[in-house]
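Asks: Questions regarding the structure given below will be posed in turn.
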Amino acid sequence: MSKSSRLGLLRDRDFGRLFAATALGQLGDRIIFLALPLVAIAALRADEFQVGLLAAMTTAGSLLVGLPAGAWVDRMRKRSVMISTDLVRALVLLTIPVTWWAGLLTIWWLYAVALVHGVLTVFFDVAYVSYLPHLVGRGNLVEGNSKLSTMRSVTSISGPTVTGPLVGLIGAPATLLVSSAGMAMSGLLARPPSSRAESSSSRLTESARV
């Protein structure tokens, strides 16, 4: 099998950007999932109930907006939703190390960040699922999903491997800076492509329709 055949959709610049954005966003999510409770324990001396409530807040977003999110996102530009949610999530996460360094961090602030991040993640995921067929065309959808699913599995495994040493090296609050940077880069990579990339994506879509 040639290198070109193995790369497949990754040869397309726009899909490659989405692939890289997804990798960074997923890695950022894994870091958040592991580092946020450590911030509560190490920086705020949170007890078991508070840590458990914090974990619940990270998933509460799907319960609050899971059902209407699809209808709302259908009325919006999918790429714009992905970019804006990534950038806002990056900004929200950045407030944790900033407030910690300023001596203003509280458990209630962590609850708020976890909830807002969870809600934004729901909107990102809905837009992401809807955007992929538009990007690659239905004929390439299986390959696109396969590559992205493989990458998600890799980041799910590598997340704890990366988070542990980071927390030990720079501390849990500062580790969220890395997560925030990953989210910001994910949003930047999801920006509209150049005219060359648009032409490439158009050729993919047209070939899928034939």
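Just remember, in the structure tokens the first chain shown is A, the second B, etc., residues are 1-based per chain, and ligands are 1-based in the order shown.
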For Ser180 in chain A, find every residue with an atom within 9 Å (counting only C-alpha atoms), except residues of its own chain fewer than 3 positions away, and show them as a PyMOL selection string.
Replies: chain A and resi 28+87+89-94+175-177+183-185
Asks: Identify, on the basis of only C-alpha atoms, every residue whose closest approach to range 152-161 of chain A does not exceed 12 Å; exclude the query and any residue fewer than 6 positions from it along the same chain; express the result as a PyMOL selection string.
Replies: chain A and resi 19-35+145-146+167-168+178-179
Asks: Determine the nearest neighbour of Phe123 in chain A from the options A:Arg45, A:Arg17, A:Arg191, A:Arg77, counting only C-alpha atoms.
Replies: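 Under the stated criterion, the closest residue is A:Arg77.
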Asks: If I take CA of Met82 in chain A and CA of Leu10 in chain A, how far is one from the other in Å, to one decimal?
Replies: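 Result for CA of Met82 in chain A versus CA of Leu10 in chain A: 19.8 Å, one decimal.
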Asks: For a quick check of understanding, using only C-alpha atoms, which of A:Ala46, A:Leu110, A:Val122, A:Ala60 has the smallest distance to Trp72 in chain A?
Replies: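 Selected residue with least distance to Trp72 in chain A: A:Val122.
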Asks: How many Å separate CA of His134 in chain A from CA of Arg79 in chain A?
Replies: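 Between CA of His134 in chain A and CA of Arg79 in chain A the gap works out to 10.3 Å.
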Asks: My list of candidates is A:Asp125, A:Gly187, A:Val39, A:Leu18. Which is closest to Lys147 in chain A when distances are computed with only C-alpha atoms?
Replies: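 Result for the nearest residue to Lys147 in chain A: A:Leu18.
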Asks: As a list in words, please: the residues near Val51 in chain A (cut-off 7 Å, only C-alpha atoms, same-chain neighbours under 4 positions excluded).
Replies: Pro37, Ala40, Ala46, Asp47 and Ala55 of chain A
Asks: Choose the residue, out of A:Leu169, A:Val113, A:Val119, A:Ala127, that has the smallest atom-to-atom separation from Arg75 in chain A; count only C-alpha atoms.
Replies: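 Closest residue, counting only C-alpha atoms: A:Ala127.
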Asks: Quick one: pull the distance between CA of Ala69 in chain A and CA of Thr121 in chain A, Å, one decimal.
Replies: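 That distance, rounded to one decimal, is 10.6 Å.
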Asks: Fewer than 6 positions away in the same chain doesn't count, so skip those; otherwise give me all residues within 9 Å of Ser130 in chain A, counting only C-alpha atoms, as number ranges by chain.
Replies: A: 73-74, 78
Asks: Keeping only C-alpha atoms, write those residues as a PDB file, in the first residue's frame.
Replies:
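Result written to selection-v2.pdb:
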```pdb
ATOM      1  CA  VAL A  73     -27.138  24.235  16.152  1.00  0.00           C
ATOM      2  CA  ASP A  74     -29.161  23.421  13.009  1.00  0.00           C
ATOM      3  CA  LYS A  78     -21.516  24.557  12.142  1.00  0.00           C
TER       4      LYS A  78
END
```
